[in-house]
file coords.pdb (PDB, C-alpha atoms)
ATOM      1  CA  PHE J1227      20.624  -3.436  19.111  1.00  0.00           C
ATOM      2  CA  GLU J1228      17.179  -3.764  20.571  1.00  0.00           C
ATOM      3  CA  LYS J1229      16.130  -7.221  21.650  1.00  0.00           C
ATOM      4  CA  LYS J1230      13.940  -7.672  18.578  1.00  0.00           C
ATOM      5  CA  ASP J1231      16.766  -6.798  16.190  1.00  0.00           C
ATOM      6  CA  VAL J1232      18.589 -10.123  16.443  1.00  0.00           C
ATOM      7  CA  PRO J1233      16.331 -13.191  16.602  1.00  0.00           C
ATOM      8  CA  GLU J1234      17.039 -16.013  19.024  1.00  0.00           C
ATOM      9  CA  ILE J1235      19.592 -18.385  17.503  1.00  0.00           C
ATOM     10  CA  LYS J1236      20.493 -21.877  18.597  1.00  0.00           C
ATOM     11  CA  GLU J1237      23.649 -23.755  17.611  1.00  0.00           C
ATOM     12  CA  ALA J1238      25.387 -20.857  15.881  1.00  0.00           C
ATOM     13  CA  ALA J1239      28.695 -19.003  15.979  1.00  0.00           C
ATOM     14  CA  PHE J1240      30.024 -15.942  14.179  1.00  0.00           C
ATOM     15  CA  THR J1241      33.421 -14.462  13.388  1.00  0.00           C
ATOM     16  CA  LEU J1242      34.068 -10.811  12.561  1.00  0.00           C
ATOM     17  CA  LEU J1243      37.433 -10.175  10.868  1.00  0.00           C
ATOM     18  CA  VAL J1244      38.477  -6.506  10.661  1.00  0.00           C
ATOM     19  CA  ASP J1245      41.117  -4.998   8.363  1.00  0.00           C
ATOM     20  CA  VAL J1246      43.515  -2.861  10.415  1.00  0.00           C
ATOM     21  CA  SER J1247      45.921  -1.944   7.615  1.00  0.00           C
ATOM     22  CA  GLY J1248      47.047   1.670   7.402  1.00  0.00           C
ATOM     23  CA  SER J1249      44.381   2.711   4.902  1.00  0.00           C
ATOM     24  CA  MET J1250      41.736   2.076   7.578  1.00  0.00           C
ATOM     25  CA  ARG J1251      42.963   5.011   9.684  1.00  0.00           C
ATOM     26  CA  GLY J1252      40.496   7.661  10.776  1.00  0.00           C
ATOM     27  CA  LYS J1253      36.742   7.324  10.383  1.00  0.00           C
ATOM     28  CA  LYS J1254      36.913   3.882   8.769  1.00  0.00           C
ATOM     29  CA  ILE J1255      38.437   2.149  11.755  1.00  0.00           C
ATOM     30  CA  GLU J1256      36.288   4.171  14.154  1.00  0.00           C
ATOM     31  CA  GLU J1257      33.085   2.998  12.452  1.00  0.00           C
ATOM     32  CA  ALA J1258      34.415  -0.564  12.201  1.00  0.00           C
ATOM     33  CA  LEU J1259      35.038  -0.487  15.962  1.00  0.00           C
ATOM     34  CA  LYS J1260      31.504   0.757  16.601  1.00  0.00           C
ATOM     35  CA  ALA J1261      30.115  -2.090  14.505  1.00  0.00           C
ATOM     36  CA  ALA J1262      32.252  -4.662  16.320  1.00  0.00           C
ATOM     37  CA  MET J1263      31.153  -3.393  19.724  1.00  0.00           C
ATOM     38  CA  LEU J1264      27.471  -3.410  18.746  1.00  0.00           C
ATOM     39  CA  MET J1265      27.771  -7.001  17.568  1.00  0.00           C
ATOM     40  CA  ALA J1266      29.690  -8.014  20.675  1.00  0.00           C
ATOM     41  CA  GLU J1267      27.206  -6.519  23.089  1.00  0.00           C
ATOM     42  CA  ALA J1268      24.157  -7.943  21.304  1.00  0.00           C
ATOM     43  CA  PHE J1269      25.569 -11.450  21.004  1.00  0.00           C
ATOM     44  CA  SER J1270      26.967 -11.465  24.537  1.00  0.00           C
ATOM     45  CA  ARG J1271      23.539 -10.705  25.961  1.00  0.00           C
ATOM     46  CA  LYS J1272      22.006 -13.529  23.935  1.00  0.00           C
ATOM     47  CA  GLY J1273      24.740 -16.030  24.679  1.00  0.00           C
ATOM     48  CA  ILE J1274      25.715 -16.456  21.023  1.00  0.00           C
ATOM     49  CA  PRO J1275      29.371 -17.505  20.621  1.00  0.00           C
ATOM     50  CA  PHE J1276      31.454 -15.134  18.528  1.00  0.00           C
ATOM     51  CA  GLU J1277      35.043 -14.300  17.753  1.00  0.00           C
ATOM     52  CA  ILE J1278      36.505 -10.950  16.758  1.00  0.00           C
ATOM     53  CA  LEU J1279      39.821 -10.941  14.909  1.00  0.00           C
ATOM     54  CA  ALA J1280      41.800  -8.233  13.136  1.00  0.00           C
ATOM     55  CA  PHE J1281      44.482  -8.381  10.482  1.00  0.00           C
ATOM     56  CA  HIS J1282      47.237  -6.493   8.703  1.00  0.00           C
ATOM     57  CA  GLU J1283      50.491  -8.389   8.306  1.00  0.00           C
ATOM     58  CA  LYS J1284      49.501 -10.433  11.350  1.00  0.00           C
ATOM     59  CA  LEU J1285      46.295 -12.015  12.581  1.00  0.00           C
ATOM     60  CA  LEU J1286      45.239 -10.529  15.922  1.00  0.00           C
ATOM     61  CA  GLU J1287      42.924 -12.181  18.442  1.00  0.00           C
ATOM     62  CA  LEU J1288      40.717  -9.542  20.040  1.00  0.00           C
ATOM     63  CA  LYS J1289      38.082 -11.903  21.435  1.00  0.00           C
ATOM     64  CA  GLN J1290      37.981 -15.684  21.132  1.00  0.00           C
ATOM     65  CA  PHE J1291      34.813 -17.760  21.251  1.00  0.00           C
ATOM     66  CA  GLU J1292      35.350 -18.784  24.869  1.00  0.00           C
ATOM     67  CA  ASP J1293      36.093 -15.280  26.187  1.00  0.00           C
ATOM     68  CA  GLU J1294      33.627 -13.188  28.122  1.00  0.00           C
ATOM     69  CA  TYR J1295      33.175  -9.904  26.279  1.00  0.00           C
ATOM     70  CA  PHE J1296      32.455  -7.482  29.100  1.00  0.00           C
ATOM     71  CA  GLY J1297      35.501  -6.313  31.049  1.00  0.00           C
ATOM     72  CA  LYS J1298      39.032  -6.678  29.725  1.00  0.00           C
ATOM     73  CA  LYS J1299      37.971  -8.084  26.351  1.00  0.00           C
ATOM     74  CA  LYS J1300      35.789  -5.056  25.731  1.00  0.00           C
ATOM     75  CA  LEU J1301      38.869  -2.872  26.174  1.00  0.00           C
ATOM     76  CA  GLU J1302      40.849  -5.231  23.950  1.00  0.00           C
ATOM     77  CA  LEU J1303      38.712  -4.195  20.971  1.00  0.00           C
ATOM     78  CA  MET J1304      40.141  -0.705  21.293  1.00  0.00           C
ATOM     79  CA  ARG J1305      43.443  -2.121  20.028  1.00  0.00           C
ATOM     80  CA  VAL J1306      42.211  -1.670  16.466  1.00  0.00           C
ATOM     81  CA  LEU J1307      42.595   2.089  16.818  1.00  0.00           C
ATOM     82  CA  HIS J1308      46.282   1.630  17.607  1.00  0.00           C
ATOM     83  CA  GLU J1309      47.067  -1.193  15.183  1.00  0.00           C
ATOM     84  CA  VAL J1310      46.390   0.925  12.079  1.00  0.00           C
ATOM     85  CA  GLN J1311      49.380   3.084  13.132  1.00  0.00           C
ATOM     86  CA  THR J1312      51.912   0.258  13.523  1.00  0.00           C
ATOM     87  CA  SER J1313      54.590  -0.863  11.070  1.00  0.00           C
ATOM     88  CA  HIS J1314      52.604  -4.072  10.474  1.00  0.00           C
ATOM     89  CA  ALA J1315      49.812  -1.941   8.981  1.00  0.00           C
ATOM     90  CA  ARG J1316      51.827  -1.417   5.799  1.00  0.00           C
ATOM     91  CA  TRP J1317      50.457  -4.772   4.671  1.00  0.00           C
ATOM     92  CA  ASN J1318      47.022  -6.204   4.007  1.00  0.00           C
ATOM     93  CA  ASP J1319      47.291  -9.999   4.180  1.00  0.00           C
ATOM     94  CA  ASP J1320      43.627 -10.769   3.422  1.00  0.00           C
ATOM     95  CA  GLY J1321      44.092 -14.295   2.108  1.00  0.00           C
ATOM     96  CA  TYR J1322      46.220 -15.475   5.008  1.00  0.00           C
ATOM     97  CA  ALA J1323      43.883 -13.902   7.567  1.00  0.00           C
ATOM     98  CA  ILE J1324      40.675 -15.263   6.035  1.00  0.00           C
ATOM     99  CA  ASP J1325      42.169 -18.737   5.690  1.00  0.00           C
ATOM    100  CA  ASN J1326      42.997 -18.812   9.394  1.00  0.00           C
ATOM    101  CA  ALA J1327      39.762 -17.183  10.556  1.00  0.00           C
ATOM    102  CA  ALA J1328      37.641 -19.570   8.466  1.00  0.00           C
ATOM    103  CA  ARG J1329      39.540 -22.598   9.771  1.00  0.00           C
ATOM    104  CA  ARG J1330      38.964 -21.473  13.347  1.00  0.00           C
ATOM    105  CA  LEU J1331      35.266 -20.900  12.717  1.00  0.00           C
ATOM    106  CA  GLN J1332      34.821 -24.223  10.930  1.00  0.00           C
ATOM    107  CA  LYS J1333      36.406 -26.062  13.861  1.00  0.00           C
ATOM    108  CA  ARG J1334      33.933 -24.383  16.220  1.00  0.00           C
ATOM    109  CA  LEU J1335      30.942 -25.166  13.991  1.00  0.00           C
ATOM    110  CA  LEU J1336      31.863 -28.816  13.507  1.00  0.00           C
ATOM    111  CA  ALA J1337      32.507 -29.351  17.215  1.00  0.00           C
ATOM    112  CA  ASN J1338      29.061 -27.991  18.097  1.00  0.00           C
ATOM    113  CA  ASP J1339      27.034 -29.086  15.055  1.00  0.00           C
ATOM    114  CA  ALA J1340      26.361 -25.389  14.535  1.00  0.00           C
ATOM    115  CA  GLN J1341      25.857 -22.948  11.709  1.00  0.00           C
ATOM    116  CA  GLY J1342      27.670 -19.639  11.384  1.00  0.00           C
ATOM    117  CA  ALA J1343      29.222 -16.979   9.200  1.00  0.00           C
ATOM    118  CA  LEU J1344      32.533 -15.239   8.716  1.00  0.00           C
ATOM    119  CA  ILE J1345      32.148 -11.511   8.057  1.00  0.00           C
ATOM    120  CA  VAL J1346      35.157  -9.607   6.735  1.00  0.00           C
ATOM    121  CA  PHE J1347      35.585  -5.807   6.800  1.00  0.00           C
ATOM    122  CA  SER J1348      38.191  -4.604   4.295  1.00  0.00           C
ATOM    123  CA  ASP J1349      38.879  -1.350   2.478  1.00  0.00           C
ATOM    124  CA  GLY J1350      41.315  -2.287  -0.266  1.00  0.00           C
ATOM    125  CA  GLU J1351      43.073  -4.732  -2.544  1.00  0.00           C
ATOM    126  CA  PRO J1352      45.244  -7.417  -0.934  1.00  0.00           C
ATOM    127  CA  ALA J1353      48.804  -6.217  -0.288  1.00  0.00           C
ATOM    128  CA  PRO J1354      50.452  -9.246   1.341  1.00  0.00           C
ATOM    129  CA  SER J1355      53.731  -9.106   3.195  1.00  0.00           C
ATOM    130  CA  GLU J1356      56.663 -11.310   2.211  1.00  0.00           C
ATOM    131  CA  ALA J1357      55.561 -13.845   4.818  1.00  0.00           C
ATOM    132  CA  HIS J1358      52.177 -14.429   3.170  1.00  0.00           C
ATOM    133  CA  ARG J1359      52.776 -13.789  -0.525  1.00  0.00           C
ATOM    134  CA  GLY J1360      52.425 -17.434  -1.525  1.00  0.00           C
ATOM    135  CA  SER J1361      49.875 -18.716  -4.015  1.00  0.00           C
ATOM    136  CA  GLU J1362      48.233 -20.723  -1.222  1.00  0.00           C
ATOM    137  CA  TRP J1363      46.936 -17.435   0.195  1.00  0.00           C
ATOM    138  CA  GLU J1364      45.697 -15.860  -3.042  1.00  0.00           C
ATOM    139  CA  LEU J1365      42.442 -14.163  -2.083  1.00  0.00           C
ATOM    140  CA  HIS J1366      40.239 -15.402  -4.953  1.00  0.00           C
ATOM    141  CA  ASP J1367      41.211 -18.994  -4.191  1.00  0.00           C
ATOM    142  CA  ILE J1368      40.790 -18.592  -0.434  1.00  0.00           C
ATOM    143  CA  VAL J1369      37.309 -17.093  -0.818  1.00  0.00           C
ATOM    144  CA  ASN J1370      36.269 -19.774  -3.306  1.00  0.00           C
ATOM    145  CA  LYS J1371      37.534 -22.561  -1.041  1.00  0.00           C
ATOM    146  CA  TRP J1372      35.917 -21.399   2.164  1.00  0.00           C
ATOM    147  CA  SER J1373      32.659 -20.142   0.645  1.00  0.00           C
ATOM    148  CA  LYS J1374      31.806 -23.785  -0.037  1.00  0.00           C
ATOM    149  CA  GLN J1375      32.226 -24.641   3.641  1.00  0.00           C
ATOM    150  CA  VAL J1376      31.048 -21.651   5.699  1.00  0.00           C
ATOM    151  CA  PRO J1377      29.054 -18.543   4.786  1.00  0.00           C
ATOM    152  CA  LEU J1378      31.666 -15.907   3.939  1.00  0.00           C
ATOM    153  CA  ILE J1379      30.594 -12.287   3.554  1.00  0.00           C
ATOM    154  CA  GLY J1380      32.899  -9.488   2.448  1.00  0.00           C
ATOM    155  CA  VAL J1381      32.032  -5.925   3.437  1.00  0.00           C
ATOM    156  CA  GLY J1382      33.764  -3.245   1.375  1.00  0.00           C
ATOM    157  CA  VAL J1383      34.479  -0.250   3.608  1.00  0.00           C
ATOM    158  CA  GLY J1384      34.454   3.129   1.851  1.00  0.00           C
ATOM    159  CA  PRO J1385      33.451   4.710  -1.462  1.00  0.00           C
ATOM    160  CA  ASP J1386      36.034   3.029  -3.713  1.00  0.00           C
ATOM    161  CA  MET J1387      35.378  -0.591  -2.776  1.00  0.00           C
ATOM    162  CA  GLU J1388      32.310  -1.572  -4.815  1.00  0.00           C
ATOM    163  CA  SER J1389      34.121  -3.214  -7.728  1.00  0.00           C
ATOM    164  CA  THR J1390      36.889  -4.666  -5.540  1.00  0.00           C
ATOM    165  CA  ILE J1391      34.591  -6.327  -3.015  1.00  0.00           C
ATOM    166  CA  LYS J1392      32.442  -7.776  -5.809  1.00  0.00           C
ATOM    167  CA  GLU J1393      35.529  -9.024  -7.646  1.00  0.00           C
ATOM    168  CA  TYR J1394      36.657 -11.128  -4.710  1.00  0.00           C
ATOM    169  CA  TYR J1395      33.391 -12.030  -2.969  1.00  0.00           C
ATOM    170  CA  GLY J1396      30.893 -12.027  -5.839  1.00  0.00           C
ATOM    171  CA  LYS J1397      27.273 -12.046  -4.688  1.00  0.00           C
ATOM    172  CA  ASN J1398      28.501 -12.248  -1.084  1.00  0.00           C
ATOM    173  CA  GLY J1399      30.294  -8.911  -1.386  1.00  0.00           C
ATOM    174  CA  LEU J1400      28.534  -5.931   0.170  1.00  0.00           C
ATOM    175  CA  PRO J1401      29.926  -2.449  -0.544  1.00  0.00           C
ATOM    176  CA  VAL J1402      29.290   0.188   2.129  1.00  0.00           C
ATOM    177  CA  PRO J1403      30.405   3.475   0.538  1.00  0.00           C
ATOM    178  CA  ASP J1404      29.061   5.608   3.399  1.00  0.00           C
ATOM    179  CA  ILE J1405      31.245   4.441   6.283  1.00  0.00           C
ATOM    180  CA  SER J1406      28.876   5.944   8.863  1.00  0.00           C
ATOM    181  CA  LYS J1407      26.432   3.193   7.844  1.00  0.00           C
ATOM    182  CA  LEU J1408      28.861   0.380   8.640  1.00  0.00           C
ATOM    183  CA  PRO J1409      27.282  -0.542  12.010  1.00  0.00           C
ATOM    184  CA  ARG J1410      23.828  -0.670  10.427  1.00  0.00           C
ATOM    185  CA  ALA J1411      25.140  -2.768   7.529  1.00  0.00           C
ATOM    186  CA  LEU J1412      26.590  -5.294   9.971  1.00  0.00           C
ATOM    187  CA  LEU J1413      23.308  -5.428  11.875  1.00  0.00           C
ATOM    188  CA  ASP J1414      21.425  -6.149   8.639  1.00  0.00           C
ATOM    189  CA  ILE J1415      23.848  -8.977   7.787  1.00  0.00           C
ATOM    190  CA  LEU J1416      23.475 -10.527  11.233  1.00  0.00           C
ATOM    191  CA  LYS J1417      19.682 -10.298  11.110  1.00  0.00           C
ATOM    192  CA  LYS J1418      19.603 -12.072   7.743  1.00  0.00           C
ATOM    193  CA  GLN J1419      21.966 -14.784   8.941  1.00  0.00           C
ATOM    194  CA  ALA J1420      20.040 -15.195  12.180  1.00  0.00           C
ATOM    195  CA  ALA J1421      16.746 -15.563  10.334  1.00  0.00           C
ATOM    196  CA  ARG J1422      18.289 -18.232   8.113  1.00  0.00           C
ATOM    197  CA  PHE J1423      19.582 -20.182  11.103  1.00  0.00           C
ATOM    198  CA  GLU J1424      16.229 -19.932  12.863  1.00  0.00           C
ATOM    199  CA  LYS J1425      14.654 -22.020  10.103  1.00  0.00           C
ATOM    200  CA  ARG J1426      16.910 -24.864  11.192  1.00  0.00           C
ATOM    201  CA  SER J1427      16.547 -24.346  14.936  1.00  0.00           C
ATOM    202  CA  PRO J1428      13.205 -22.722  15.756  1.00  0.00           C
ATOM    203  CA  SER J1429      12.737 -21.408  19.277  1.00  0.00           C
ATOM    204  CA  GLY J1430      10.576 -23.327  21.697  1.00  0.00           C
TER     205      GLY J1430
END
call {"tool": "encode", "arguments": {"input": "coords.pdb", "output": "structure tokens"}}
result
Amino acid sequence: FEKKDVPEIKEAAFTLLVDVSGSMRGKKIEEALKAAMLMAEAFSRKGIPFEILAFHEKLLELKQFEDEYFGKKKLELMRVLHEVQTSHARWNDDGYAIDNAARRLQKRLLANDAQGALIVFSDGEPAPSEAHRGSEWELHDIVNKWSKQVPLIGVGVGPDMESTIKEYYGKNGLPVPDISKLPRALLDILKKQAARFEKRSPSG
């Protein structure tokens, strides 16, 4: 990110939620990690609060809003490369993870009278574990509920995700069939969100 790429933003916070289920192994998770690190470094330099979470059967905290990114938390992001190999990665508990991530983000936004967005990277249909198979975590319902409260953007990772990401996220679903373009796609999303927030809180 060059300085001009992300406009100055006041009173904002972002969450990036990354799928680390087994199907993300290989280039998908590598490009997702690159995108996460680009976002983290750009926002850290500008002082924009952000959270990076990951999910399979569990929800993983890689960087919370209050954490400094540089140092140990930067290394913590590398966990995603390992998590796709674990037994938890058999599952893809999208609904549960988004529900929790959106609740965390909303709490931050309300406490600071801020605007923000939750951006989800996923490469497949929900495949919830027994722990999160309940109707309260059905992905359509979760997306519909939270989309009315915080901007929620679904990024479909890989060539087979166009119809799936649109099915669940509608007009807020962005397929990225060429996974090498994932970092650039995230940058474009952040620039659009930043420009929208600037209208509310102009610099100077």
call {"tool": "atom_distance", "arguments": {"input": "coords.pdb", "atom1": "CA of Val1246 in chain J", "atom2": "CA of Val1369 in chain J"}}
result
19.2 Å
call {"tool": "resolve_selection", "arguments": {"input": "coords.pdb", "expression": "the PyMOL selection byres ((chain J and resi 1259) around 10)", "output": "count of residues only"}}
result
20
call {"tool": "closest_atom_pairs", "arguments": {"input": "coords.pdb", "of": "range 1314-1393 of chain J", "to": "range 1268-1274 of chain J", "cutoff": "12 Å", "atoms": "all atoms listed in the file", "output": "CSV"}}
result
residue,atom,partner,partner_atom,distance
J:Ala1340,CA,J:Ile1274,CA,11.1
J:Gln1341,CA,J:Ile1274,CA,11.4
J:Gly1342,CA,J:Ile1274,CA,10.3
call {"tool": "residues_around", "arguments": {"input": "coords.pdb", "residues": "Ser1313 in chain J", "least_positions_apart": "2", "cutoff": "10 Å", "atoms": "all atoms listed in the file", "output": "JSON, numbers by chain"}}
result
{"J": [1247, 1248, 1282, 1283, 1309, 1310, 1311, 1315, 1316, 1317]}
call {"tool": "residues_around", "arguments": {"input": "coords.pdb", "residues": "range 1355-1358 of chain J", "least_positions_apart": "2", "cutoff": "7 Å", "atoms": "all atoms listed in the file", "output": "PyMOL selection string"}}
result
chain J and resi 1283+1317+1319+1322+1353+1360+1363
call {"tool": "residues_around", "arguments": {"input": "coords.pdb", "residues": "Glu1277 in chain J", "least_positions_apart": "6", "cutoff": "8 Å", "atoms": "all atoms listed in the file", "output": "compact mmCIF listing (two decimals) with C-alpha atoms, keeping the file's coordinate frame"}}
result
# COMPACT_ATOMS: atom_id res chain seq x y z
CA PHE J 1240 30.02 -15.94 14.18
CA THR J 1241 33.42 -14.46 13.39
CA LEU J 1242 34.07 -10.81 12.56
CA LEU J 1288 40.72 -9.54 20.04
CA LYS J 1289 38.08 -11.90 21.44
CA GLN J 1290 37.98 -15.68 21.13
CA PHE J 1291 34.81 -17.76 21.25
call {"tool": "build_atoms", "arguments": {"input": "coords.pdb", "residues": "range 1298-1314 of chain J", "atoms": "N, CA and C atoms", "output": "short mmCIF file (atom, residue, chain, number, x, y, z; two decimals), in the frame of the given file"}}
result
data_model
loop_
_atom_site.label_atom_id
_atom_site.label_comp_id
_atom_site.auth_asym_id
_atom_site.auth_seq_id
_atom_site.Cartn_x
_atom_site.Cartn_y
_atom_site.Cartn_z
N LYS J 1298 37.76 -6.89 30.43
CA LYS J 1298 39.03 -6.68 29.72
C LYS J 1298 38.90 -6.86 28.22
N LYS J 1299 38.09 -7.83 27.78
CA LYS J 1299 37.97 -8.08 26.35
C LYS J 1299 37.28 -6.93 25.63
N LYS J 1300 36.42 -6.24 26.32
CA LYS J 1300 35.79 -5.06 25.73
C LYS J 1300 36.85 -4.00 25.44
N LEU J 1301 37.77 -3.82 26.38
CA LEU J 1301 38.87 -2.87 26.17
C LEU J 1301 39.82 -3.34 25.09
N GLU J 1302 39.95 -4.67 24.95
CA GLU J 1302 40.85 -5.23 23.95
C GLU J 1302 40.45 -4.80 22.53
N LEU J 1303 39.16 -4.62 22.30
CA LEU J 1303 38.71 -4.20 20.97
C LEU J 1303 39.29 -2.84 20.58
N MET J 1304 39.59 -2.02 21.57
CA MET J 1304 40.14 -0.70 21.29
C MET J 1304 41.52 -0.78 20.63
N ARG J 1305 42.13 -1.95 20.67
CA ARG J 1305 43.44 -2.12 20.03
C ARG J 1305 43.41 -1.76 18.55
N VAL J 1306 42.26 -1.92 17.91
CA VAL J 1306 42.21 -1.67 16.47
C VAL J 1306 42.58 -0.23 16.15
N LEU J 1307 42.28 0.68 17.06
CA LEU J 1307 42.60 2.09 16.82
C LEU J 1307 44.10 2.33 16.80
N HIS J 1308 44.82 1.52 17.55
CA HIS J 1308 46.28 1.63 17.61
C HIS J 1308 46.96 0.85 16.48
N GLU J 1309 46.40 -0.31 16.15
CA GLU J 1309 47.07 -1.19 15.18
C GLU J 1309 47.22 -0.56 13.80
N VAL J 1310 46.30 0.30 13.41
CA VAL J 1310 46.39 0.92 12.08
C VAL J 1310 47.59 1.87 11.97
N GLN J 1311 48.22 2.18 13.11
CA GLN J 1311 49.38 3.08 13.13
C GLN J 1311 50.71 2.33 13.19
N THR J 1312 50.68 1.02 13.34
CA THR J 1312 51.91 0.26 13.52
C THR J 1312 52.60 -0.04 12.20
N SER J 1313 53.85 -0.51 12.28
CA SER J 1313 54.59 -0.86 11.07
C SER J 1313 53.96 -2.06 10.35
N HIS J 1314 53.27 -2.92 11.09
CA HIS J 1314 52.60 -4.07 10.47
C HIS J 1314 51.48 -3.63 9.54
#
